[in-house]
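Participant: Sharing structure-v4.txt, compact mmCIF, C-alpha atoms and all ligand atoms:
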```txt
# COMPACT_ATOMS: atom_id res chain seq x y z
CA MET R 1245 80.16 -28.67 110.09
CA SER R 1246 82.48 -25.90 111.24
CA PHE R 1247 83.63 -25.72 114.81
CA THR R 1248 81.96 -22.30 115.33
CA ARG R 1249 78.64 -23.58 113.98
CA ARG R 1250 78.78 -26.60 116.27
CA ILE R 1251 79.48 -24.36 119.28
CA LEU R 1252 76.51 -22.12 118.33
CA MET R 1253 74.18 -25.10 118.02
CA VAL R 1254 75.28 -26.49 121.37
CA GLY R 1255 74.80 -23.04 122.94
CA THR R 1256 71.29 -22.70 121.49
CA ALA R 1257 70.34 -26.20 122.59
CA MET R 1258 71.60 -25.45 126.08
CA ALA R 1259 69.70 -22.15 126.22
CA LEU R 1260 66.48 -23.86 125.08
CA GLY R 1261 67.08 -26.65 127.57
CA ILE R 1262 67.57 -24.20 130.43
CA ALA R 1263 64.47 -22.17 129.46
CA GLY R 1264 62.44 -25.37 129.22
CA ALA R 1265 63.71 -26.60 132.55
CA MET R 1266 62.96 -23.22 134.15
CA ALA R 1267 59.37 -23.30 132.91
CA GLN R 1268 59.01 -26.89 134.01
CA ALA R 1269 60.36 -26.00 137.43
CA PHE R 1270 58.21 -22.89 137.91
CA PRO R 1271 57.64 -21.94 140.63
CA THR R 1272 60.83 -22.54 142.57
CA LYS R 1273 60.18 -19.80 145.15
CA PRO R 1274 57.16 -18.00 146.69
CA ILE R 1275 54.91 -15.95 144.42
CA THR R 1276 53.81 -12.46 145.50
CA MET R 1277 50.21 -11.50 144.82
CA ILE R 1278 49.80 -7.73 145.09
CA VAL R 1279 46.45 -6.63 146.51
CA PRO R 1280 46.04 -2.95 145.68
CA PHE R 1281 43.91 -2.16 148.76
CA ALA R 1282 44.15 -2.44 152.53
CA ALA R 1283 43.83 -5.80 154.27
CA GLY R 1284 40.38 -6.93 155.31
CA GLY R 1285 38.50 -5.60 152.28
CA PRO R 1286 36.86 -7.58 149.47
CA THR R 1287 39.89 -7.78 147.18
CA ASP R 1288 42.13 -8.89 150.02
CA THR R 1289 39.56 -11.46 151.17
CA ILE R 1290 39.22 -12.99 147.71
CA ALA R 1291 43.00 -12.94 147.14
CA ARG R 1292 43.65 -14.79 150.38
CA ILE R 1293 41.04 -17.48 149.69
CA VAL R 1294 42.05 -18.05 146.07
CA GLY R 1295 45.79 -17.57 146.75
CA GLU R 1296 45.75 -20.21 149.47
CA HIS R 1297 44.38 -22.81 147.05
CA MET R 1298 46.75 -21.74 144.26
CA SER R 1299 49.65 -22.24 146.71
CA ARG R 1300 48.65 -25.87 147.14
CA THR R 1301 48.53 -26.51 143.39
CA LEU R 1302 51.75 -24.67 142.63
CA GLY R 1303 53.69 -26.10 145.56
CA GLN R 1304 54.87 -22.65 146.63
CA THR R 1305 53.32 -20.06 148.92
CA VAL R 1306 51.37 -17.25 147.32
CA VAL R 1307 52.24 -14.33 149.58
CA ILE R 1308 49.72 -11.49 149.73
CA GLU R 1309 51.23 -8.01 149.69
CA ASN R 1310 48.88 -5.07 150.27
CA VAL R 1311 50.03 -2.01 148.31
CA ALA R 1312 47.20 0.49 148.72
CA GLY R 1313 46.70 3.97 147.31
CA ALA R 1314 45.00 5.98 144.56
CA GLY R 1315 41.97 3.71 144.26
CA GLY R 1316 44.13 0.64 143.69
CA THR R 1317 46.19 2.14 140.87
CA THR R 1318 49.38 2.45 142.98
CA GLY R 1319 49.60 -1.30 143.63
CA ILE R 1320 48.61 -2.22 140.08
CA THR R 1321 51.25 0.15 138.64
CA ARG R 1322 53.90 -1.45 140.84
CA ALA R 1323 52.75 -4.96 139.84
CA ALA R 1324 52.63 -4.08 136.12
CA ARG R 1325 56.24 -2.90 136.28
CA SER R 1326 57.59 -5.93 138.08
CA ALA R 1327 59.61 -8.67 136.37
CA ALA R 1328 57.62 -10.64 133.79
CA ASP R 1329 58.51 -14.01 135.27
CA GLY R 1330 55.28 -15.04 137.01
CA TYR R 1331 56.65 -14.44 140.51
CA THR R 1332 54.65 -11.22 140.90
CA ILE R 1333 50.96 -11.35 140.10
CA MET R 1334 48.07 -9.17 141.26
CA MET R 1335 44.39 -9.18 142.16
CA GLY R 1336 42.84 -6.43 140.06
CA HIS R 1337 39.16 -5.54 139.81
CA MET R 1338 36.43 -3.62 138.05
CA GLY R 1339 37.94 -0.35 139.29
CA THR R 1340 41.65 -0.89 138.65
CA HIS R 1341 41.21 -2.59 135.26
CA GLY R 1342 37.77 -1.37 134.18
CA ALA R 1343 37.16 2.18 135.37
CA ALA R 1344 40.55 3.69 136.27
CA PRO R 1345 41.39 4.97 132.75
CA GLY R 1346 38.23 7.08 132.92
CA LEU R 1347 39.37 8.84 136.09
CA TYR R 1348 43.15 8.98 135.69
CA PRO R 1349 44.12 10.62 132.40
CA LYS R 1350 47.79 9.87 133.17
CA LEU R 1351 47.27 6.29 134.30
CA ALA R 1352 50.65 4.52 134.13
CA TYR R 1353 49.19 1.34 132.65
CA ASP R 1354 46.83 0.26 129.91
CA PRO R 1355 44.48 -2.43 131.29
CA GLN R 1356 44.15 -4.02 127.86
CA LYS R 1357 47.84 -4.01 126.87
CA ASP R 1358 50.04 -4.13 129.95
CA PHE R 1359 48.93 -7.40 131.54
CA THR R 1360 48.76 -11.13 131.02
CA PRO R 1361 45.20 -12.04 132.04
CA ILE R 1362 45.21 -15.06 134.35
CA GLY R 1363 41.51 -15.33 135.12
CA LEU R 1364 38.40 -14.18 136.94
CA ALA R 1365 38.31 -15.03 140.65
CA ALA R 1366 34.82 -13.90 141.72
CA GLY R 1367 31.92 -11.64 140.90
CA THR R 1368 30.93 -9.36 143.76
CA PRO R 1369 27.45 -7.81 143.83
CA ILE R 1370 27.19 -4.34 145.35
CA VAL R 1371 25.29 -3.75 148.57
CA ILE R 1372 24.20 -0.31 149.83
CA VAL R 1373 25.13 -0.24 153.51
CA THR R 1374 24.63 2.39 156.21
CA ARG R 1375 25.72 2.75 159.80
CA LYS R 1376 23.25 0.87 161.93
CA ASP R 1377 21.96 3.95 163.82
CA LEU R 1378 21.22 6.07 160.74
CA PRO R 1379 17.55 6.90 161.32
CA VAL R 1380 16.17 5.05 158.28
CA LYS R 1381 14.75 1.58 158.00
CA ASP R 1382 14.77 0.99 154.25
CA LEU R 1383 16.14 2.33 150.96
CA LYS R 1384 13.19 4.69 150.37
CA GLU R 1385 13.67 6.33 153.76
CA PHE R 1386 17.43 6.48 153.15
CA MET R 1387 16.94 8.31 149.85
CA GLU R 1388 14.67 10.87 151.54
CA TYR R 1389 17.05 11.24 154.48
CA ALA R 1390 20.09 11.67 152.21
CA LYS R 1391 18.33 14.38 150.21
CA LYS R 1392 17.21 16.22 153.33
CA ASN R 1393 20.61 15.98 154.98
CA GLU R 1394 22.75 16.43 151.87
CA LYS R 1395 24.95 19.06 153.54
CA THR R 1396 25.98 16.81 156.40
CA ILE R 1397 25.74 13.25 155.12
CA ASN R 1398 29.02 11.55 154.20
CA GLN R 1399 29.93 8.51 152.13
CA ALA R 1400 32.99 6.33 152.53
CA HIS R 1401 34.89 4.90 149.59
CA ALA R 1402 38.23 3.27 148.80
CA GLY R 1403 39.75 6.04 146.70
CA SER R 1404 39.15 7.51 143.27
CA GLY R 1405 38.30 4.81 140.77
CA SER R 1406 37.69 2.11 143.36
CA VAL R 1407 34.53 0.04 143.09
CA SER R 1408 32.98 1.70 146.15
CA HIS R 1409 33.70 5.10 144.58
CA ILE R 1410 32.39 4.53 141.06
CA THR R 1411 29.30 2.57 142.07
CA CYS R 1412 28.28 5.21 144.61
CA ILE R 1413 28.77 7.87 141.91
CA LEU R 1414 25.94 6.10 140.07
CA LEU R 1415 23.85 5.75 143.21
CA ASN R 1416 24.31 9.41 144.21
CA GLU R 1417 23.38 10.58 140.72
CA MET R 1418 20.20 8.51 140.85
CA MET R 1419 19.37 9.86 144.31
CA LYS R 1420 20.36 13.40 143.21
CA VAL R 1421 22.50 13.71 146.32
CA ASP R 1422 25.99 15.17 146.65
CA PRO R 1423 27.45 13.77 149.90
CA THR R 1424 30.84 14.54 151.45
CA PRO R 1425 33.19 11.80 150.27
CA ILE R 1426 35.52 10.18 152.80
CA PRO R 1427 38.32 8.25 151.05
CA TYR R 1428 40.11 5.29 152.62
CA GLN R 1429 42.88 2.92 151.53
CA GLY R 1430 40.28 0.19 151.08
CA THR R 1431 36.79 -0.68 152.21
CA GLY R 1432 38.22 -2.85 155.01
CA PRO R 1433 39.11 0.24 157.09
CA ALA R 1434 36.04 2.09 155.75
CA LEU R 1435 33.80 -0.69 157.00
CA ASN R 1436 35.38 -0.45 160.47
CA ASP R 1437 34.40 3.22 160.56
CA LEU R 1438 30.90 2.42 159.30
CA VAL R 1439 30.50 -0.10 162.10
CA SER R 1440 31.64 2.41 164.69
CA GLY R 1441 29.33 5.06 163.22
CA LYS R 1442 32.05 7.48 162.01
CA VAL R 1443 30.71 7.46 158.43
CA ASP R 1444 27.14 7.26 157.14
CA TYR R 1445 27.04 4.95 154.13
CA MET R 1446 28.88 3.25 151.31
CA CYS R 1447 28.44 0.99 148.28
CA ASP R 1448 30.54 -2.07 148.96
CA GLN R 1449 31.17 -5.48 147.47
CA ILE R 1450 29.18 -8.16 149.23
CA VAL R 1451 32.14 -10.33 150.32
CA SER R 1452 33.35 -7.58 152.59
CA VAL R 1453 30.04 -6.59 154.21
CA GLN R 1454 28.17 -9.91 154.35
CA GLY R 1455 29.30 -10.75 157.91
CA GLN R 1456 28.56 -7.30 159.35
CA VAL R 1457 25.17 -7.06 157.62
CA ALA R 1458 24.18 -10.55 158.77
CA GLY R 1459 25.43 -9.82 162.29
CA GLY R 1460 23.74 -6.41 162.54
CA GLY R 1461 26.97 -4.35 162.71
CA VAL R 1462 25.79 -2.30 159.73
CA ARG R 1463 22.48 -2.06 157.88
CA GLY R 1464 22.21 -3.60 154.41
CA LEU R 1465 19.55 -1.56 152.57
CA ALA R 1466 19.59 -3.24 149.17
CA ILE R 1467 21.62 -5.43 146.87
CA ALA R 1468 22.08 -4.13 143.33
CA THR R 1469 21.34 -7.43 141.52
CA PRO R 1470 18.15 -8.78 139.92
CA SER R 1471 17.68 -11.38 142.69
CA ARG R 1472 18.55 -11.63 146.37
CA SER R 1473 21.80 -13.24 147.47
CA PRO R 1474 21.47 -16.58 149.30
CA SER R 1475 24.17 -15.27 151.67
CA LEU R 1476 22.03 -12.25 152.64
CA PRO R 1477 18.47 -13.50 152.12
CA ASN R 1478 16.91 -10.67 154.15
CA VAL R 1479 18.41 -7.86 152.10
CA PRO R 1480 16.00 -6.79 149.34
CA THR R 1481 17.09 -6.14 145.79
CA THR R 1482 17.20 -2.55 144.56
CA LEU R 1483 14.23 -3.52 142.37
CA GLU R 1484 12.20 -4.54 145.42
CA ALA R 1485 13.43 -1.55 147.41
CA GLY R 1486 12.39 1.06 144.83
CA LEU R 1487 15.57 1.89 142.89
CA SER R 1488 15.45 -0.63 140.05
CA MET R 1489 17.89 1.35 137.89
CA PHE R 1490 20.74 0.75 140.32
CA GLN R 1491 22.06 -2.59 139.07
CA VAL R 1492 25.76 -3.22 139.45
CA SER R 1493 28.07 -6.10 140.27
CA ALA R 1494 31.84 -5.86 140.50
CA TRP R 1495 34.48 -8.51 139.86
CA ASN R 1496 37.99 -9.38 141.03
CA ALA R 1497 40.52 -11.10 138.79
CA VAL R 1498 44.13 -12.24 138.70
CA PHE R 1499 46.57 -10.64 136.28
CA ALA R 1500 50.34 -10.89 135.71
CA PRO R 1501 52.60 -8.34 134.03
CA LYS R 1502 52.55 -8.54 130.24
CA ASP R 1503 54.71 -11.00 128.35
CA ILE R 1504 55.28 -13.61 131.03
CA PRO R 1505 56.40 -16.92 129.45
CA ALA R 1506 53.42 -18.78 127.99
CA ASP R 1507 54.01 -21.95 129.99
CA VAL R 1508 54.32 -20.00 133.25
CA ALA R 1509 51.06 -18.22 132.43
CA LYS R 1510 49.42 -21.58 131.76
CA LYS R 1511 50.51 -22.90 135.16
CA LEU R 1512 49.07 -19.86 136.90
CA GLN R 1513 45.87 -20.05 134.85
CA ASP R 1514 45.40 -23.75 135.61
CA ALA R 1515 46.02 -23.14 139.31
CA LEU R 1516 43.42 -20.36 139.35
CA VAL R 1517 40.79 -22.49 137.61
CA LYS R 1518 41.54 -25.32 140.05
CA ALA R 1519 41.08 -22.89 142.95
CA VAL R 1520 37.73 -21.46 141.88
CA THR R 1521 36.28 -24.80 140.86
CA ASP R 1522 37.38 -26.48 144.09
CA PRO R 1523 34.22 -27.24 146.12
CA ALA R 1524 35.65 -25.96 149.43
CA THR R 1525 36.93 -22.68 147.94
CA LYS R 1526 33.66 -22.21 146.09
CA THR R 1527 31.69 -22.75 149.30
CA LYS R 1528 33.84 -20.17 151.13
CA LEU R 1529 33.43 -17.54 148.41
CA GLU R 1530 29.72 -18.22 147.94
CA GLY R 1531 29.17 -18.10 151.69
CA LEU R 1532 30.38 -14.50 151.52
CA GLY R 1533 28.07 -13.78 148.60
CA GLY R 1534 30.71 -14.06 145.85
CA VAL R 1535 29.64 -15.30 142.43
CA VAL R 1536 32.16 -17.96 141.48
CA PRO R 1537 32.96 -18.42 137.77
CA ASP R 1538 33.01 -21.77 136.00
CA ALA R 1539 36.19 -22.83 134.19
CA GLN R 1540 35.15 -21.07 130.98
CA ARG R 1541 34.40 -17.75 132.69
CA ALA R 1542 37.65 -18.04 134.68
CA SER R 1543 39.69 -18.40 131.47
CA PRO R 1544 42.22 -15.75 130.39
CA GLU R 1545 40.34 -15.22 127.12
CA ALA R 1546 37.10 -14.45 128.98
CA LEU R 1547 38.99 -12.04 131.28
CA ALA R 1548 40.56 -10.18 128.34
CA THR R 1549 37.08 -9.72 126.86
CA LEU R 1550 35.69 -8.59 130.22
CA VAL R 1551 38.39 -5.92 130.63
CA LYS R 1552 37.63 -4.53 127.17
CA THR R 1553 33.88 -4.52 127.76
CA GLU R 1554 34.35 -2.81 131.13
CA ASN R 1555 36.66 -0.13 129.67
CA ASP R 1556 34.03 0.53 127.00
CA ARG R 1557 31.34 0.79 129.68
CA TRP R 1558 33.08 2.84 132.38
CA VAL R 1559 35.55 5.13 130.63
CA PRO R 1560 33.03 7.27 128.72
CA LEU R 1561 30.78 7.35 131.80
CA LEU R 1562 33.52 8.58 134.12
CA SER R 1563 35.56 10.75 131.81
CA ARG R 1564 34.37 13.93 133.43
CA LYS R 1565 35.21 15.67 136.62
CA VAL R 1566 33.98 13.86 139.67
CA LYS R 1567 34.22 14.77 143.31
CA GLN R 1568 36.71 12.47 145.02
C1 LIG Q 1601 38.95 -3.25 148.68
O1 LIG Q 1601 39.41 -4.38 148.70
O2 LIG Q 1601 39.13 -2.45 149.62
C2 LIG Q 1601 38.06 -2.87 147.55
O3 LIG Q 1601 38.01 -3.74 146.49
C3 LIG Q 1601 37.84 -1.45 147.44
C4 LIG Q 1601 36.94 -0.93 146.39
O4 LIG Q 1601 37.29 -1.03 145.23
O5 LIG Q 1601 35.91 -0.36 146.71
```
Rewrite the structure of this file - the entire thing - as structure tokens.
Facilitator:
Amino acid sequence: MSFTRRILMVGTAMALGIAGAMAQAFPTKPITMIVPFAAGGPTDTIARIVGEHMSRTLGQTVVIENVAGAGGTTGITRAARSAADGYTIMMGHMGTHGAAPGLYPKLAYDPQKDFTPIGLAAGTPIVIVTRKDLPVKDLKEFMEYAKKNEKTINQAHAGSGSVSHITCILLNEMMKVDPTPIPYQGTGPALNDLVSGKVDYMCDQIVSVQGQVAGGGVRGLAIATPSRSPSLPNVPTTLEAGLSMFQVSAWNAVFAPKDIPADVAKKLQDALVKAVTDPATKTKLEGLGGVVPDAQRASPEALATLVKTENDRWVPLLSRKVKQ
């Protein structure tokens, strides 16, 4: 064997050895999980619960970084463009990875091509919530009130393409009401303004509003699922409340940039499954009304299918001009 060939073989072996050792060692430093909305909202809440458990499995802190703006697409764009090494991951959702291409013709990422799916973290049913002193006591009265006061009523949401935006587009169409939209950086701050009576209503994910609805800070008029949530047993379903067509649940899921090393992806995927199937984490998420996936539904394959199905569902529906 020639000297050059021997050197090349040694070099290759060393490179493979180093790559293998790096994957084995991953993670050797904290991991950043980008949350594309303000702190205190549903995505942030789920990221913190799931991230805390993932930290324990991975032996490194999962640091939450809130990068809000443009209905979550600012943070997801930043995360998609970060190094493909597993040290930057993100909590995306039905808006950022399902609906956004239907509202942003120049979206800087393709939800189906530009990510490594890690897995589903939680399903989040939608609740119609109003400020507590809006003069209505149920969904029927709210629909009449909204129609009568269409010129003055306003609706909070977390930016164009966010879950609270797209789901209330459906609700408003069904109610035939065109409210004044009030955009926020996330439904965390929007909920604060709903509690203090600065805005009239919104469509939010249950994990964010459960505490305020249960405590009477805001009024929960209906949950958009076929059956009531055990975490809000007094809130009727939209079917019970007279708007059976309004059925919608959102979801939040972990993604990494595309092309991260397969063994790094596997470590992240295993840590996520461990987090959502952990009894204490599950209890926390379910206590807030989250629907926690089993290991199969939390798999990367199931998430890739979900993103495709959601693009097929939302993009044609939203690809028209909507008031933001
Ligand atoms: C948030 O965390 O603020 C949300 O997920 C916002 C939304 O999409 O409505």
Participant: Considering all atoms listed in the file, can you say which of R:Ser1326, R:Thr1431, R:Thr1332, R:Thr1411 comes closest to ligand LIG 1601 (chain Q)?
Facilitator: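 Checking each of R:Ser1326, R:Thr1431, R:Thr1332, R:Thr1411 against ligand LIG 1601 (chain Q), counting all atoms listed in the file, the winner is R:Thr1431.
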Participant: Which polymer residues have any atom within 7 Å of an atom of R:Leu1562, counting only C-alpha atoms, with same-chain residues fewer than 2 positions away left out, as a PyMOL selection string?
Facilitator: chain R and resi 1346-1347+1558-1560+1564
Participant: Could you check how far atom CA of R:Ala1402 sits from atom CA of R:Ala1283, in Å to one decimal?
Facilitator: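 A separation of 12.0 Å between them.
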Participant: Using atom CA of R:Ile1362 and atom CA of R:Pro1286 as the two end points, give the distance in Å to one decimal.
Facilitator: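 Straight-line distance from atom CA of R:Ile1362 to atom CA of R:Pro1286 works out to 18.8 Å.
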Participant: Counting only C-alpha atoms, which of R:Ala1324, R:Leu1465, R:Ala1312, R:Leu1351 gets nearest to R:Thr1374?
Facilitator: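 Result for the nearest residue to R:Thr1374: R:Leu1465.
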Participant: Fewer than 3 positions away in the same chain doesn't count, so skip those; otherwise give me all residues within 9 Å of R:Val1508, counting all atoms listed in the file, as a PyMOL selection string.
Facilitator: chain R and resi 1267-1268+1270-1271+1329-1330+1504-1505+1511-1513
Participant: Box for ligand LIG 1601 (chain Q) - axis-aligned, 5 Å on each of the six sides, all listed atoms - centre and size in Å to one decimal, as JSON.
Facilitator:
```
{"center_x": 37.7, "center_y": -2.4, "center_z": 147.4, "size_x": 13.5, "size_y": 14.0, "size_z": 14.4}
```
Participant: Output requested as a PDB file, in the coordinates of the input - stretch 1371-1388 of chain R, filled out with N, CA and C atoms.
Facilitator:
```
ATOM      1  N   VAL R1371      26.331  -3.931 147.554  1.00  0.00           N
ATOM      2  CA  VAL R1371      25.290  -3.750 148.570  1.00  0.00           C
ATOM      3  C   VAL R1371      25.379  -2.305 149.095  1.00  0.00           C
ATOM      4  N   ILE R1372      24.218  -1.654 149.229  1.00  0.00           N
ATOM      5  CA  ILE R1372      24.200  -0.310 149.830  1.00  0.00           C
ATOM      6  C   ILE R1372      24.093  -0.517 151.335  1.00  0.00           C
ATOM      7  N   VAL R1373      25.098  -0.030 152.053  1.00  0.00           N
ATOM      8  CA  VAL R1373      25.130  -0.240 153.510  1.00  0.00           C
ATOM      9  C   VAL R1373      25.225   1.103 154.239  1.00  0.00           C
ATOM     10  N   THR R1374      24.553   1.168 155.390  1.00  0.00           N
ATOM     11  CA  THR R1374      24.630   2.390 156.210  1.00  0.00           C
ATOM     12  C   THR R1374      25.059   1.998 157.620  1.00  0.00           C
ATOM     13  N   ARG R1375      25.479   3.031 158.384  1.00  0.00           N
ATOM     14  CA  ARG R1375      25.720   2.750 159.800  1.00  0.00           C
ATOM     15  C   ARG R1375      24.395   2.322 160.407  1.00  0.00           C
ATOM     16  N   LYS R1376      24.494   1.513 161.452  1.00  0.00           N
ATOM     17  CA  LYS R1376      23.250   0.870 161.930  1.00  0.00           C
ATOM     18  C   LYS R1376      22.299   1.862 162.621  1.00  0.00           C
ATOM     19  N   ASP R1377      22.843   3.006 163.125  1.00  0.00           N
ATOM     20  CA  ASP R1377      21.960   3.950 163.820  1.00  0.00           C
ATOM     21  C   ASP R1377      21.541   5.123 162.928  1.00  0.00           C
ATOM     22  N   LEU R1378      21.771   5.030 161.628  1.00  0.00           N
ATOM     23  CA  LEU R1378      21.220   6.070 160.740  1.00  0.00           C
ATOM     24  C   LEU R1378      19.702   5.931 160.839  1.00  0.00           C
ATOM     25  N   PRO R1379      18.986   7.035 161.056  1.00  0.00           N
ATOM     26  CA  PRO R1379      17.550   6.900 161.320  1.00  0.00           C
ATOM     27  C   PRO R1379      16.702   6.605 160.069  1.00  0.00           C
ATOM     28  N   VAL R1380      16.962   5.479 159.450  1.00  0.00           N
ATOM     29  CA  VAL R1380      16.170   5.050 158.280  1.00  0.00           C
ATOM     30  C   VAL R1380      16.006   3.540 158.394  1.00  0.00           C
ATOM     31  N   LYS R1381      14.886   3.040 157.888  1.00  0.00           N
ATOM     32  CA  LYS R1381      14.750   1.580 158.000  1.00  0.00           C
ATOM     33  C   LYS R1381      14.792   0.862 156.646  1.00  0.00           C
ATOM     34  N   ASP R1382      14.679   1.637 155.561  1.00  0.00           N
ATOM     35  CA  ASP R1382      14.770   0.990 154.250  1.00  0.00           C
ATOM     36  C   ASP R1382      15.357   1.964 153.220  1.00  0.00           C
ATOM     37  N   LEU R1383      15.485   1.510 151.992  1.00  0.00           N
ATOM     38  CA  LEU R1383      16.140   2.330 150.960  1.00  0.00           C
ATOM     39  C   LEU R1383      15.350   3.613 150.665  1.00  0.00           C
ATOM     40  N   LYS R1384      14.013   3.506 150.662  1.00  0.00           N
ATOM     41  CA  LYS R1384      13.190   4.690 150.370  1.00  0.00           C
ATOM     42  C   LYS R1384      13.445   5.775 151.413  1.00  0.00           C
ATOM     43  N   GLU R1385      13.424   5.360 152.684  1.00  0.00           N
ATOM     44  CA  GLU R1385      13.670   6.330 153.760  1.00  0.00           C
ATOM     45  C   GLU R1385      15.088   6.884 153.668  1.00  0.00           C
ATOM     46  N   PHE R1386      16.037   6.023 153.281  1.00  0.00           N
ATOM     47  CA  PHE R1386      17.430   6.480 153.150  1.00  0.00           C
ATOM     48  C   PHE R1386      17.533   7.560 152.069  1.00  0.00           C
ATOM     49  N   MET R1387      16.853   7.342 150.941  1.00  0.00           N
ATOM     50  CA  MET R1387      16.940   8.310 149.850  1.00  0.00           C
ATOM     51  C   MET R1387      16.370   9.665 150.292  1.00  0.00           C
ATOM     52  N   GLU R1388      15.272   9.614 151.040  1.00  0.00           N
ATOM     53  CA  GLU R1388      14.670  10.870 151.540  1.00  0.00           C
ATOM     54  C   GLU R1388      15.615  11.540 152.541  1.00  0.00           C
TER      55      GLU R1388
END
```
